[in-house]
Amino acid sequence: MTEKRDRVPPGQVVTRKWPVLHAGEVPQVDLATWTFRVWGLVEEEKVWTWEEFQALPRVEVTVDIHCVTRWSRLDTRFRGVPAAVVLAAARPRPEARYVMVHAEQGFTTNLPLADLLRPNVLLADEAEGAPLTPEHGWPLRLVVPHLYFWKSAKWVRGFELMAEDRPGFWERLGYHMRGDPWQEQRYRDD
């Protein structure tokens, strides 16, 4: 029991369910025209089609996820491409310190570049041994397990590398710029 408690941040309740939360409608995605792009402060802008993206090195991770709405789900398995792989292909310039994650329907979230380079941060297309469902971000969602799960954008389409941080969608609406669940960084004034 101590181990489980040590894995759950303050103010969180463990669930076996995986609640579905997002703003707006679930987008319709056509894999024939889908691309993933890395641009901004990079040595080489990169764009992958779905087929090209599927050919990148893949890993599986088992992580705990924590939602700002106070639920935590332990031992969640994801499979996909490490974010570090796509970033390395674009070769971030030395002044690149932040990333704006871009997703379908204009959704964005901001992260320090260092967060995306962690080994368990994925661009996932599978969860629990099966393809992601559209409600959980199919065809591709970012998984950043050490931050609140709104930072793990659904329907992700690209990374824009930047020198300065700027707020994404939820951050402009008052969510914390960082989102560390262990510090209970839920809202800007936390």
# chains A, B, ... in the order shown; residues from 1 in each chain; ligands from 1
call {"tool": "residues_around", "arguments": {"residues": "A:Met177", "least_positions_apart": "2", "cutoff": "8 Å", "atoms": "only C-alpha atoms", "output": "PDB file with N, CA and C atoms, in the first residue's frame"}}
result
ATOM      1  N   ASN A 110       1.826  23.981 -24.058  1.00  0.00           N
ATOM      2  CA  ASN A 110       3.237  24.342 -23.999  1.00  0.00           C
ATOM      3  C   ASN A 110       3.996  23.446 -23.037  1.00  0.00           C
ATOM      4  N   PRO A 167       1.735  30.504 -23.447  1.00  0.00           N
ATOM      5  CA  PRO A 167       0.657  29.606 -23.025  1.00  0.00           C
ATOM      6  C   PRO A 167      -0.061  28.949 -24.211  1.00  0.00           C
ATOM      7  N   GLU A 171      -3.792  26.767 -20.870  1.00  0.00           N
ATOM      8  CA  GLU A 171      -2.999  27.719 -20.097  1.00  0.00           C
ATOM      9  C   GLU A 171      -3.523  29.142 -20.280  1.00  0.00           C
ATOM     10  N   TYR A 175      -5.131  27.585 -16.673  1.00  0.00           N
ATOM     11  CA  TYR A 175      -4.397  26.440 -16.144  1.00  0.00           C
ATOM     12  C   TYR A 175      -2.930  26.821 -15.965  1.00  0.00           C
ATOM     13  N   GLY A 179       2.149  22.529 -14.687  1.00  0.00           N
ATOM     14  CA  GLY A 179       1.255  21.393 -14.493  1.00  0.00           C
ATOM     15  C   GLY A 179       1.871  20.201 -13.783  1.00  0.00           C
ATOM     16  N   ARG A 188      -3.136  28.731 -12.698  1.00  0.00           N
ATOM     17  CA  ARG A 188      -2.091  29.743 -12.731  1.00  0.00           C
ATOM     18  C   ARG A 188      -1.735  30.294 -11.354  1.00  0.00           C
TER      19      ARG A 188
END
call {"tool": "residues_around", "arguments": {"residues": "A:Leu117", "least_positions_apart": "3", "cutoff": "9 Å", "atoms": "only C-alpha atoms", "output": "list in words"}}
result
Pro82, Ala83, Ala84, Val85, Leu87, Leu113, Ala114, Asn120 and Val121 of chain A
call {"tool": "select_by_dssp", "arguments": {"residues": "stretch 30-164 of chain A", "states": "strand (DSSP E or B)", "output": "PyMOL selection string"}}
result
chain A and resi 35-40+42+46-49+59-66+71-82+92+98-103+108-112+122-127+130-131+141-143+156-162
call {"tool": "closest_residue", "arguments": {"among": "A:Arg186, A:Arg178, A:Arg91, A:His136", "to": "A:Val38", "atoms": "only C-alpha atoms"}}
result
A:Arg91
call {"tool": "closest_atom_pairs", "arguments": {"of": "stretch 118-186 of chain A", "to": "stretch 41-57 of chain A", "cutoff": "9 Å", "atoms": "only C-alpha atoms", "output": "JSON lines"}}
result
{"residue": "A:Gly158", "atom": "CA", "partner": "A:Val47", "partner_atom": "CA", "distance": 8.7}
{"residue": "A:Glu160", "atom": "CA", "partner": "A:Leu41", "partner_atom": "CA", "distance": 7.6}
{"residue": "A:Leu161", "atom": "CA", "partner": "A:Leu41", "partner_atom": "CA", "distance": 5.1}
{"residue": "A:Met162", "atom": "CA", "partner": "A:Leu41", "partner_atom": "CA", "distance": 5.9}
{"residue": "A:Ala163", "atom": "CA", "partner": "A:Leu41", "partner_atom": "CA", "distance": 7.5}
call {"tool": "closest_atom_pairs", "arguments": {"of": "stretch 70-146 of chain A", "to": "stretch 61-66 of chain A", "cutoff": "7 Å", "atoms": "only C-alpha atoms", "output": "tab-separated table"}}
result
residue	atom	partner	partner_atom	distance
A:Trp71	CA	A:His66	CA	6.0
A:Ser72	CA	A:His66	CA	4.3
A:Arg73	CA	A:Ile65	CA	5.3
A:Leu74	CA	A:Asp64	CA	4.3
A:Asp75	CA	A:Val63	CA	5.2
A:Thr76	CA	A:Val63	CA	5.3
A:Arg77	CA	A:Thr62	CA	4.3
A:Phe78	CA	A:Val61	CA	5.5
A:Arg79	CA	A:Val61	CA	6.5
A:Asn120	CA	A:Val61	CA	6.3
A:Pro145	CA	A:Ile65	CA	5.4
call {"tool": "write_last_selection", "arguments": {"atoms": "C-alpha atoms", "output": "compact mmCIF listing (two decimals), in the first residue's frame"}}
result
# COMPACT_ATOMS: atom_id res chain seq x y z
CA TRP A 71 -8.10 11.17 -10.93
CA SER A 72 -4.99 9.03 -11.32
CA ARG A 73 -4.70 5.81 -13.28
CA LEU A 74 -1.75 3.58 -12.41
CA ASP A 75 0.20 1.20 -14.63
CA THR A 76 -1.17 2.42 -17.96
CA ARG A 77 0.60 0.88 -20.99
CA PHE A 78 1.30 3.00 -24.06
CA ARG A 79 3.15 2.17 -27.27
CA ASN A 120 9.10 7.71 -21.15
CA PRO A 145 3.30 11.11 -17.60
call {"tool": "select_by_dssp", "arguments": {"residues": "chain A", "states": "helix (DSSP H, G or I)", "output": "PyMOL selection string"}}
result
chain A and resi 2-6+50-54+83-90+104-106+113-116+134-136+149-151+169-172+181-183
call {"tool": "atom_distance", "arguments": {"atom1": "atom CA of A:Pro112", "atom2": "atom CA of A:Pro131"}}
result
27.8 Å
call {"tool": "closest_residue", "arguments": {"among": "A:Arg141, A:Arg97, A:Lys151, A:His146", "to": "A:Gly40", "atoms": "only C-alpha atoms"}}
result
A:Arg97
call {"tool": "residues_around", "arguments": {"residues": "A:Trp138", "least_positions_apart": "4", "cutoff": "9 Å", "atoms": "only C-alpha atoms", "output": "list in words"}}
result
Val29, Ala124, Asp125, Glu126, Pro131, Leu132, Thr133, Pro134, Lys154, Trp155 and Val156 of chain A
call {"tool": "write_last_selection", "arguments": {"atoms": "C-alpha atoms", "output": "JSON list (two decimals), in the first residue's frame"}}
result
[["chain", "number", "residue", "atom", "x", "y", "z"],
["A", 29, "VAL", "CA", -8.93, 12.17, -39.17],
["A", 124, "ALA", "CA", 1.48, 7.09, -28.67],
["A", 125, "ASP", "CA", -0.92, 5.38, -31.02],
["A", 126, "GLU", "CA", -1.67, 2.40, -28.73],
["A", 131, "PRO", "CA", -5.01, 1.18, -30.97],
["A", 132, "LEU", "CA", -6.10, 4.35, -29.21],
["A", 133, "THR", "CA", -9.79, 5.07, -29.55],
["A", 134, "PRO", "CA", -10.75, 8.38, -31.18],
["A", 154, "LYS", "CA", -4.81, 14.29, -27.97],
["A", 155, "TRP", "CA", -4.86, 14.26, -31.80],
["A", 156, "VAL", "CA", -1.36, 15.77, -31.87]]
call {"tool": "closest_residue", "arguments": {"among": "A:Leu111, A:Leu122, A:Leu147, A:Val68", "to": "A:Glu164", "atoms": "only C-alpha atoms"}}
result
A:Leu111
